[in-house]
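Quick look at my_file31.pdb (PDB, C-alpha atoms, pLDDT in the B column):
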MODEL        1
ATOM      1  CA  GLY Z   1      50.207   9.543  20.718  1.00 57.00           C
ATOM      2  CA  ARG Z   2      47.247  11.000  18.858  1.00 72.00           C
ATOM      3  CA  VAL Z   3      44.478  12.673  20.828  1.00 78.00           C
ATOM      4  CA  LEU Z   4      40.784  13.185  20.032  1.00 76.00           C
ATOM      5  CA  PHE Z   5      39.034  16.279  21.416  1.00 76.00           C
ATOM      6  CA  THR Z   6      35.234  16.598  21.625  1.00 75.00           C
ATOM      7  CA  PHE Z   7      33.165  19.567  22.795  1.00 72.00           C
ATOM      8  CA  GLN Z   8      29.763  19.494  24.450  1.00 69.00           C
ATOM      9  CA  HIS Z   9      27.605  22.590  23.950  1.00 68.00           C
ATOM     10  CA  ARG Z  10      24.812  21.658  26.322  1.00 67.00           C
ATOM     11  CA  GLU Z  11      23.934  19.017  28.899  1.00 69.00           C
ATOM     12  CA  GLY Z  12      22.606  15.716  27.589  1.00 68.00           C
ATOM     13  CA  ASP Z  13      23.885  13.715  24.625  1.00 69.00           C
ATOM     14  CA  CYS Z  14      24.009  10.234  23.109  1.00 71.00           C
ATOM     15  CA  PHE Z  15      27.524   9.296  24.271  1.00 77.00           C
ATOM     16  CA  GLY Z  16      26.814   7.854  27.710  1.00 76.00           C
ATOM     17  CA  GLN Z  17      27.463   4.273  26.616  1.00 76.00           C
ATOM     18  CA  LEU Z  18      30.727   5.287  24.936  1.00 79.00           C
ATOM     19  CA  ARG Z  19      31.903   7.000  28.128  1.00 81.00           C
ATOM     20  CA  ARG Z  20      31.187   3.856  30.136  1.00 82.00           C
ATOM     21  CA  ARG Z  21      33.196   1.766  27.677  1.00 80.00           C
ATOM     22  CA  ILE Z  22      36.089   4.222  27.784  1.00 81.00           C
ATOM     23  CA  ALA Z  23      36.048   4.006  31.570  1.00 84.00           C
ATOM     24  CA  THR Z  24      36.260   0.196  31.435  1.00 85.00           C
ATOM     25  CA  PRO Z  25      39.877  -1.046  31.676  1.00 84.00           C
ATOM     26  CA  GLY Z  26      40.887  -3.188  28.712  1.00 81.00           C
ATOM     27  CA  SER Z  27      37.943  -2.151  26.521  1.00 80.00           C
ATOM     28  CA  GLN Z  28      38.367  -1.742  22.777  1.00 77.00           C
ATOM     29  CA  MET Z  29      37.684   1.976  23.178  1.00 75.00           C
ATOM     30  CA  ARG Z  30      40.907   2.304  25.162  1.00 78.00           C
ATOM     31  CA  GLN Z  31      42.949  -0.066  23.018  1.00 80.00           C
ATOM     32  CA  ARG Z  32      42.119   0.804  19.410  1.00 80.00           C
ATOM     33  CA  GLY Z  33      43.046   4.469  19.392  1.00 78.00           C
ATOM     34  CA  PRO Z  34      41.404   7.782  18.492  1.00 80.00           C
ATOM     35  CA  ASP Z  35      40.475   6.781  14.921  1.00 80.00           C
ATOM     36  CA  TYR Z  36      38.255   3.998  16.210  1.00 79.00           C
ATOM     37  CA  LEU Z  37      36.820   6.301  18.893  1.00 80.00           C
ATOM     38  CA  ALA Z  38      35.985   8.968  16.277  1.00 82.00           C
ATOM     39  CA  TYR Z  39      34.218   6.312  14.209  1.00 75.00           C
ATOM     40  CA  ARG Z  40      32.169   5.132  17.201  1.00 77.00           C
ATOM     41  CA  ILE Z  41      31.245   8.717  18.120  1.00 80.00           C
ATOM     42  CA  ALA Z  42      29.999   9.352  14.584  1.00 79.00           C
ATOM     43  CA  ASP Z  43      28.133   6.020  14.652  1.00 74.00           C
ATOM     44  CA  ALA Z  44      26.436   6.944  17.936  1.00 75.00           C
ATOM     45  CA  MET Z  45      25.415  10.315  16.504  1.00 74.00           C
ATOM     46  CA  VAL Z  46      23.833   8.673  13.461  1.00 67.00           C
ATOM     47  CA  ASP Z  47      21.995   6.152  15.650  1.00 67.00           C
ATOM     48  CA  SER Z  48      20.628   8.993  17.789  1.00 69.00           C
ATOM     49  CA  PHE Z  49      18.968  10.522  14.727  1.00 67.00           C
ATOM     50  CA  PHE Z  50      16.674   7.536  14.125  1.00 61.00           C
ATOM     51  CA  PRO Z  51      14.229   8.204  17.001  1.00 65.00           C
ATOM     52  CA  GLU Z  52      13.938  11.801  15.798  1.00 65.00           C
ATOM     53  CA  LEU Z  53      13.322  10.603  12.242  1.00 60.00           C
ATOM     54  CA  ASP Z  54      10.650   8.194  13.500  1.00 60.00           C
ATOM     55  CA  ARG Z  55       8.907  11.056  15.306  1.00 69.00           C
ATOM     56  CA  LEU Z  56       9.169  13.232  12.206  1.00 66.00           C
ATOM     57  CA  MET Z  57       7.719  10.490  10.004  1.00 57.00           C
ATOM     58  CA  SER Z  58       4.860  10.003  12.453  1.00 63.00           C
ATOM     59  CA  SER Z  59       4.129  13.746  12.329  1.00 69.00           C
ATOM     60  CA  LEU Z  60       4.196  13.742   8.529  1.00 62.00           C
ATOM     61  CA  GLU Z  61       1.869  10.735   8.415  1.00 65.00           C
ATOM     62  CA  ARG Z  62      -0.591  12.505  10.727  1.00 72.00           C
ATOM     63  CA  LEU Z  63      -0.476  15.613   8.528  1.00 72.00           C
ATOM     64  CA  GLU Z  64      -0.998  13.479   5.434  1.00 71.00           C
ATOM     65  CA  ARG Z  65      -3.981  11.697   6.970  1.00 73.00           C
ATOM     66  CA  HIS Z  66      -5.438  15.036   8.053  1.00 79.00           C
ATOM     67  CA  ALA Z  67      -5.072  16.431   4.505  1.00 81.00           C
ATOM     68  CA  ILE Z  68      -6.718  13.328   3.026  1.00 77.00           C
ATOM     69  CA  ASP Z  69      -9.581  13.534   5.537  1.00 82.00           C
ATOM     70  CA  ARG Z  70     -10.238  17.190   4.764  1.00 84.00           C
ATOM     71  CA  ARG Z  71     -10.170  16.627   1.003  1.00 82.00           C
ATOM     72  CA  TYR Z  72     -12.434  13.594   1.295  1.00 80.00           C
ATOM     73  CA  LEU Z  73     -15.005  15.489   3.356  1.00 85.00           C
ATOM     74  CA  ALA Z  74     -14.977  18.389   0.901  1.00 84.00           C
ATOM     75  CA  ILE Z  75     -15.505  16.164  -2.134  1.00 83.00           C
ATOM     76  CA  SER Z  76     -18.003  13.761  -0.570  1.00 83.00           C
ATOM     77  CA  SER Z  77     -20.172  16.602   0.721  1.00 85.00           C
ATOM     78  CA  ASN Z  78     -20.460  18.010  -2.799  1.00 84.00           C
ATOM     79  CA  ILE Z  79     -21.535  14.739  -4.406  1.00 82.00           C
ATOM     80  CA  HIS Z  80     -23.482  13.125  -1.567  1.00 87.00           C
ATOM     81  CA  PRO Z  81     -26.669  11.516  -2.934  1.00 87.00           C
ATOM     82  CA  ASP Z  82     -28.805  13.430  -0.409  1.00 88.00           C
ATOM     83  CA  LYS Z  83     -27.974  16.653  -2.250  1.00 86.00           C
ATOM     84  CA  PHE Z  84     -29.631  15.263  -5.376  1.00 87.00           C
ATOM     85  CA  ALA Z  85     -32.762  13.788  -3.790  1.00 87.00           C
ATOM     86  CA  THR Z  86     -35.012  15.912  -6.009  1.00 87.00           C
ATOM     87  CA  ALA Z  87     -32.963  15.473  -9.184  1.00 85.00           C
ATOM     88  CA  GLY Z  88     -33.715  13.092 -12.023  1.00 85.00           C
ATOM     89  CA  ASN Z  89     -32.980   9.366 -11.903  1.00 87.00           C
ATOM     90  CA  GLU Z  90     -29.851   9.649 -14.009  1.00 85.00           C
ATOM     91  CA  VAL Z  91     -28.363  12.328 -11.760  1.00 85.00           C
ATOM     92  CA  GLN Z  92     -29.235  10.366  -8.616  1.00 86.00           C
ATOM     93  CA  SER Z  93     -27.691   7.229 -10.094  1.00 88.00           C
ATOM     94  CA  PHE Z  94     -24.522   9.134 -10.977  1.00 86.00           C
ATOM     95  CA  ALA Z  95     -24.312  10.613  -7.471  1.00 85.00           C
ATOM     96  CA  LEU Z  96     -24.593   7.139  -5.941  1.00 89.00           C
ATOM     97  CA  ARG Z  97     -21.825   5.750  -8.178  1.00 87.00           C
ATOM     98  CA  ALA Z  98     -19.601   8.763  -7.619  1.00 86.00           C
ATOM     99  CA  SER Z  99     -20.093   8.644  -3.848  1.00 86.00           C
ATOM    100  CA  ALA Z 100     -19.262   4.924  -3.779  1.00 87.00           C
ATOM    101  CA  ALA Z 101     -16.112   5.543  -5.852  1.00 85.00           C
ATOM    102  CA  ILE Z 102     -14.997   8.358  -3.537  1.00 85.00           C
ATOM    103  CA  ASN Z 103     -15.556   6.165  -0.453  1.00 84.00           C
ATOM    104  CA  LYS Z 104     -13.530   3.346  -2.015  1.00 83.00           C
ATOM    105  CA  ALA Z 105     -10.696   5.732  -2.958  1.00 82.00           C
ATOM    106  CA  PHE Z 106     -10.678   7.174   0.568  1.00 83.00           C
ATOM    107  CA  ASN Z 107     -10.424   3.726   2.121  1.00 81.00           C
ATOM    108  CA  VAL Z 108      -7.489   2.914  -0.168  1.00 79.00           C
ATOM    109  CA  LEU Z 109      -5.673   6.166   0.581  1.00 77.00           C
ATOM    110  CA  LYS Z 110      -6.019   5.957   4.366  1.00 78.00           C
ATOM    111  CA  SER Z 111      -4.687   2.379   4.457  1.00 82.00           C
ATOM    112  CA  PRO Z 112      -0.927   2.230   3.722  1.00 83.00           C
ATOM    113  CA  ARG Z 113      -1.136  -1.365   2.549  1.00 88.00           C
ATOM    114  CA  GLN Z 114      -4.170  -0.873   0.330  1.00 87.00           C
ATOM    115  CA  ARG Z 115      -2.510   2.199  -1.119  1.00 86.00           C
ATOM    116  CA  ALA Z 116       0.672   0.212  -1.774  1.00 89.00           C
ATOM    117  CA  GLU Z 117      -1.378  -2.529  -3.464  1.00 90.00           C
ATOM    118  CA  TYR Z 118      -3.053   0.077  -5.670  1.00 87.00           C
ATOM    119  CA  LEU Z 119       0.242   1.771  -6.569  1.00 86.00           C
ATOM    120  CA  LEU Z 120       1.861  -1.578  -7.306  1.00 90.00           C
ATOM    121  CA  GLU Z 121      -1.013  -2.598  -9.584  1.00 89.00           C
ATOM    122  CA  THR Z 122      -0.884   0.790 -11.343  1.00 85.00           C
ATOM    123  CA  ALA Z 123       2.865   0.389 -11.886  1.00 87.00           C
ATOM    124  CA  GLY Z 124       2.330  -3.012 -13.497  1.00 89.00           C
ATOM    125  CA  GLY Z 125       3.352  -5.141 -10.531  1.00 90.00           C
ATOM    126  CA  LYS Z 126       1.979  -8.591  -9.821  1.00 91.00           C
ATOM    127  CA  SER Z 127      -0.911  -9.366  -7.494  1.00 92.00           C
ATOM    128  CA  ALA Z 128      -0.671 -11.648  -4.463  1.00 92.00           C
ATOM    129  CA  ALA Z 129      -2.394 -14.352  -6.493  1.00 93.00           C
ATOM    130  CA  ASP Z 130       0.266 -14.148  -9.214  1.00 94.00           C
ATOM    131  CA  ASP Z 131       3.293 -13.870  -6.933  1.00 94.00           C
ATOM    132  CA  LYS Z 132       3.140 -15.559  -3.524  1.00 93.00           C
ATOM    133  CA  ARG Z 133       6.818 -15.181  -2.661  1.00 94.00           C
ATOM    134  CA  VAL Z 134       8.001 -13.753   0.662  1.00 93.00           C
ATOM    135  CA  PRO Z 135      11.406 -12.519   1.860  1.00 90.00           C
ATOM    136  CA  PRO Z 136      13.982 -15.234   2.628  1.00 88.00           C
ATOM    137  CA  ASP Z 137      13.771 -16.866   6.062  1.00 87.00           C
ATOM    138  CA  LEU Z 138      10.328 -15.391   6.785  1.00 91.00           C
ATOM    139  CA  LEU Z 139       8.493 -18.717   6.781  1.00 91.00           C
ATOM    140  CA  THR Z 140      11.036 -20.283   9.133  1.00 91.00           C
ATOM    141  CA  SER Z 141      10.746 -17.318  11.487  1.00 91.00           C
ATOM    142  CA  VAL Z 142       6.941 -17.403  11.364  1.00 92.00           C
ATOM    143  CA  MET Z 143       6.904 -21.135  12.101  1.00 92.00           C
ATOM    144  CA  MET Z 144       9.134 -20.655  15.142  1.00 91.00           C
ATOM    145  CA  LEU Z 145       6.977 -17.809  16.437  1.00 92.00           C
ATOM    146  CA  ARG Z 146       3.823 -19.883  15.985  1.00 92.00           C
ATOM    147  CA  GLU Z 147       5.363 -22.668  18.046  1.00 92.00           C
ATOM    148  CA  GLU Z 148       6.372 -20.194  20.754  1.00 92.00           C
ATOM    149  CA  ILE Z 149       2.848 -18.762  20.834  1.00 92.00           C
ATOM    150  CA  GLU Z 150       1.256 -22.201  21.112  1.00 91.00           C
ATOM    151  CA  GLU Z 151       3.684 -23.210  23.851  1.00 90.00           C
ATOM    152  CA  ALA Z 152       3.103 -20.004  25.818  1.00 90.00           C
ATOM    153  CA  LYS Z 153      -0.668 -20.389  25.494  1.00 90.00           C
ATOM    154  CA  SER Z 154      -0.614 -23.993  26.658  1.00 88.00           C
ATOM    155  CA  ASP Z 155       1.552 -23.036  29.655  1.00 86.00           C
ATOM    156  CA  GLY Z 156      -0.556 -19.979  30.453  1.00 87.00           C
ATOM    157  CA  ALA Z 157       2.600 -17.869  30.290  1.00 88.00           C
ATOM    158  CA  THR Z 158       1.159 -14.351  30.190  1.00 89.00           C
ATOM    159  CA  ALA Z 159       4.552 -12.628  30.302  1.00 89.00           C
ATOM    160  CA  ALA Z 160       5.821 -14.685  27.376  1.00 88.00           C
ATOM    161  CA  LEU Z 161       2.694 -13.872  25.363  1.00 91.00           C
ATOM    162  CA  ASP Z 162       3.118 -10.163  26.085  1.00 91.00           C
ATOM    163  CA  ARG Z 163       6.740 -10.357  24.961  1.00 90.00           C
ATOM    164  CA  LEU Z 164       5.765 -12.165  21.757  1.00 92.00           C
ATOM    165  CA  ARG Z 165       3.003  -9.645  21.094  1.00 91.00           C
ATOM    166  CA  ALA Z 166       5.464  -6.761  21.450  1.00 91.00           C
ATOM    167  CA  THR Z 167       8.020  -8.477  19.215  1.00 91.00           C
ATOM    168  CA  ILE Z 168       5.518  -9.260  16.468  1.00 92.00           C
ATOM    169  CA  SER Z 169       3.920  -5.806  16.670  1.00 92.00           C
ATOM    170  CA  ARG Z 170       7.345  -4.283  16.188  1.00 90.00           C
ATOM    171  CA  ARG Z 171       7.896  -6.495  13.146  1.00 90.00           C
ATOM    172  CA  ARG Z 172       4.519  -5.406  11.762  1.00 91.00           C
ATOM    173  CA  ASP Z 173       5.477  -1.754  12.168  1.00 89.00           C
ATOM    174  CA  GLU Z 174       8.817  -2.386  10.455  1.00 89.00           C
ATOM    175  CA  ALA Z 175       7.038  -4.187   7.614  1.00 91.00           C
ATOM    176  CA  ASP Z 176       4.582  -1.313   7.150  1.00 90.00           C
ATOM    177  CA  GLN Z 177       7.437   1.184   7.149  1.00 88.00           C
ATOM    178  CA  LYS Z 178       9.272  -0.825   4.475  1.00 90.00           C
ATOM    179  CA  ILE Z 179       6.093  -1.094   2.408  1.00 91.00           C
ATOM    180  CA  ALA Z 180       5.558   2.673   2.598  1.00 87.00           C
ATOM    181  CA  GLU Z 181       9.179   3.269   1.607  1.00 86.00           C
ATOM    182  CA  LEU Z 182       9.031   0.925  -1.392  1.00 88.00           C
ATOM    183  CA  SER Z 183       5.641   2.147  -2.580  1.00 86.00           C
ATOM    184  CA  GLY Z 184       6.943   5.707  -2.520  1.00 80.00           C
ATOM    185  CA  GLU Z 185       9.661   4.735  -5.001  1.00 80.00           C
ATOM    186  CA  LEU Z 186       7.454   3.023  -7.576  1.00 78.00           C
ATOM    187  CA  THR Z 187       7.327   5.809 -10.167  1.00 67.00           C
ATOM    188  CA  ASP Z 188      10.541   4.851 -11.942  1.00 63.00           C
ATOM    189  CA  SER Z 189      11.205   1.559 -10.196  1.00 65.00           C
ATOM    190  CA  SER Z 190      12.591  -1.559 -11.772  1.00 80.00           C
ATOM    191  CA  ASP Z 191      10.904  -4.954 -11.868  1.00 85.00           C
ATOM    192  CA  GLU Z 192      13.106  -5.978  -8.940  1.00 87.00           C
ATOM    193  CA  SER Z 193      11.690  -3.163  -6.796  1.00 87.00           C
ATOM    194  CA  LYS Z 194       8.130  -4.152  -7.676  1.00 91.00           C
ATOM    195  CA  GLU Z 195       8.890  -7.757  -6.795  1.00 92.00           C
ATOM    196  CA  GLU Z 196      10.427  -6.674  -3.488  1.00 92.00           C
ATOM    197  CA  LEU Z 197       7.308  -4.666  -2.620  1.00 92.00           C
ATOM    198  CA  ARG Z 198       5.113  -7.626  -3.561  1.00 94.00           C
ATOM    199  CA  MET Z 199       7.097  -9.901  -1.241  1.00 94.00           C
ATOM    200  CA  HIS Z 200       6.860  -7.462   1.676  1.00 94.00           C
ATOM    201  CA  LEU Z 201       3.105  -7.067   1.174  1.00 95.00           C
ATOM    202  CA  ASN Z 202       2.778 -10.859   1.209  1.00 95.00           C
ATOM    203  CA  ALA Z 203       4.950 -11.063   4.328  1.00 95.00           C
ATOM    204  CA  ALA Z 204       2.769  -8.526   6.164  1.00 94.00           C
ATOM    205  CA  LYS Z 205      -0.172 -10.925   5.945  1.00 94.00           C
ATOM    206  CA  TYR Z 206       1.811 -13.628   7.740  1.00 94.00           C
ATOM    207  CA  ILE Z 207       2.678 -11.152  10.502  1.00 94.00           C
ATOM    208  CA  ASP Z 208      -0.986 -10.140  10.818  1.00 94.00           C
ATOM    209  CA  ASN Z 209      -1.919 -13.801  11.183  1.00 94.00           C
ATOM    210  CA  LEU Z 210       0.538 -14.151  14.063  1.00 94.00           C
ATOM    211  CA  LEU Z 211      -1.081 -11.234  15.859  1.00 93.00           C
ATOM    212  CA  THR Z 212      -4.489 -12.804  15.232  1.00 93.00           C
ATOM    213  CA  GLN Z 213      -3.169 -16.022  16.796  1.00 92.00           C
ATOM    214  CA  LEU Z 214      -2.195 -14.012  19.879  1.00 90.00           C
ATOM    215  CA  ALA Z 215      -5.643 -12.400  20.206  1.00 82.00           C
TER     216      ALA Z 215
ENDMDL
END
Kindly transcribe the structure held in the file into structure tokens.
Amino acid sequence: GRVLFTFQHREGDCFGQLRRRIATPGSQMRQRGPDYLAYRIADAMVDSFFPELDRLMSSLERLERHAIDRRYLAISSNIHPDKFATAGNEVQSFALRASAAINKAFNVLKSPRQRAEYLLETAGGKSAADDKRVPPDLLTSVMMLREEIEEAKSDGATAALDRLRATISRRRDEADQKIAELSGELTDSSDESKEELRMHLNAAKYIDNLLTQLA
């Protein structure tokens, strides 16, 4: 029969679960042949990349925030109203308006959701008031989670509340990641992409409300 060879260059890999399945008599790994095993090895390798990608994205986000902070401080220090305390009224008024505009822009840039809202509006997308849709099945899921939260609170089930908090926090992080991904593709996006971003931004508010309910 056909044989699949693999080589390990150093200790530690992502194939521990596959080895355990191979060692289990009657498992699909032993029955379906080397083609299936090669597919599962490749699948495990791809899955192992995701934690590294998450860490990389977190590093890039920190670098981006740091760059925004530095640029904001440089600009705001140059136009701060205190620097024009002895200038004329018109100059002082301009400095106040400019400083307020810079502060508003900074707040938008440092908030992924506010930035996505701004980019969506700039690209001609609809506001939350004009399009209240959310992804399919979200409302049903939210309703079930609300019921679970209320039940856990009434029973004083601390462990259940902690589990719900972790689950909903993970969903919030996934929603924010999707929002960042969609907002980064808005330059040449279609109406469907704008509508998808609008729905995910709307959905994020429902998730935030669940976390508020858990507070």
Exercise. With only C-alpha atoms as the basis for distance, which of Z:Arg113, Z:Arg19, Z:Lys126, Z:His66 is at the shortest distance from Glu181 in chain Z?
Worked result: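 Of Z:Arg113, Z:Arg19, Z:Lys126, Z:His66, the one nearest Glu181 in chain Z is Z:Arg113, counting only C-alpha atoms.
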For this session: Just give me the gap between CA of Gln177 in chain Z and CA of Leu119 in chain Z in Å, one decimal is fine.
Result: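 Distance between the two atoms: 15.5 Å.
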Exercise. Written as a PyMOL selection string, what is the full residue list that the PyMOL selection byres ((chain Z and resi 204) around 9) yields on the file shown?
Worked result: chain Z and resi 113+171-172+175-176+179+199-203+205-209
For this session: Show me as a list in words the residues that reach within 8 Å of (3.6, -17.1, 24.4), counting only C-alpha atoms and using the file's own coordinates.
Result: Glu148, Ile149, Glu150, Glu151, Ala152, Lys153, Gly156, Ala157, Thr158, Ala159, Ala160, Leu161, Asp162, Arg163, Leu164 and Leu214 of chain Z
Exercise. Exactly which residues make up the result of the PyMOL selection byres ((chain Z and resi 34) around 12) on this file, given as JSON, numbers by chain?
Worked result: {"Z": [1, 2, 3, 4, 5, 6, 22, 28, 29, 30, 31, 32, 33, 35, 36, 37, 38, 39, 40, 41]}
For this session: Would you write out, as number ranges by chain, every residue that the PyMOL selection byres ((chain Z and resi 69-74) around 10) captures in this file?
Result: Z: 63-68, 75-79, 102-103, 105-106, 109-110
Problem set entry | Top pick for closest residue to Leu145 in chain Z, considering Z:Val108, Z:Glu90, Z:Arg133, Z:Thr167 and counting only C-alpha atoms |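 Selected residue with least distance to Leu145 in chain Z: Z:Thr167.
As for CA of Arg62 in chain Z and CA of Ala116 in chain Z, they are spaced 17.6 Å apart.
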Exercise. So how far away is CA of Pro135 in chain Z from CA of Gln213 in chain Z, in Å?
Worked result: 21.2 Å
Exercise. Between Z:Leu139, Z:Ala44, Z:Leu186, Z:Ala180, which one has atoms that come closest to Gln114 in chain Z, using all atoms listed in the file?
Worked result: Z:Ala180
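Closest to Leu197 in chain Z among Z:Leu120, Z:Ala100, Z:Leu18, Z:Val91 is Z:Leu120, based on only C-alpha atoms.
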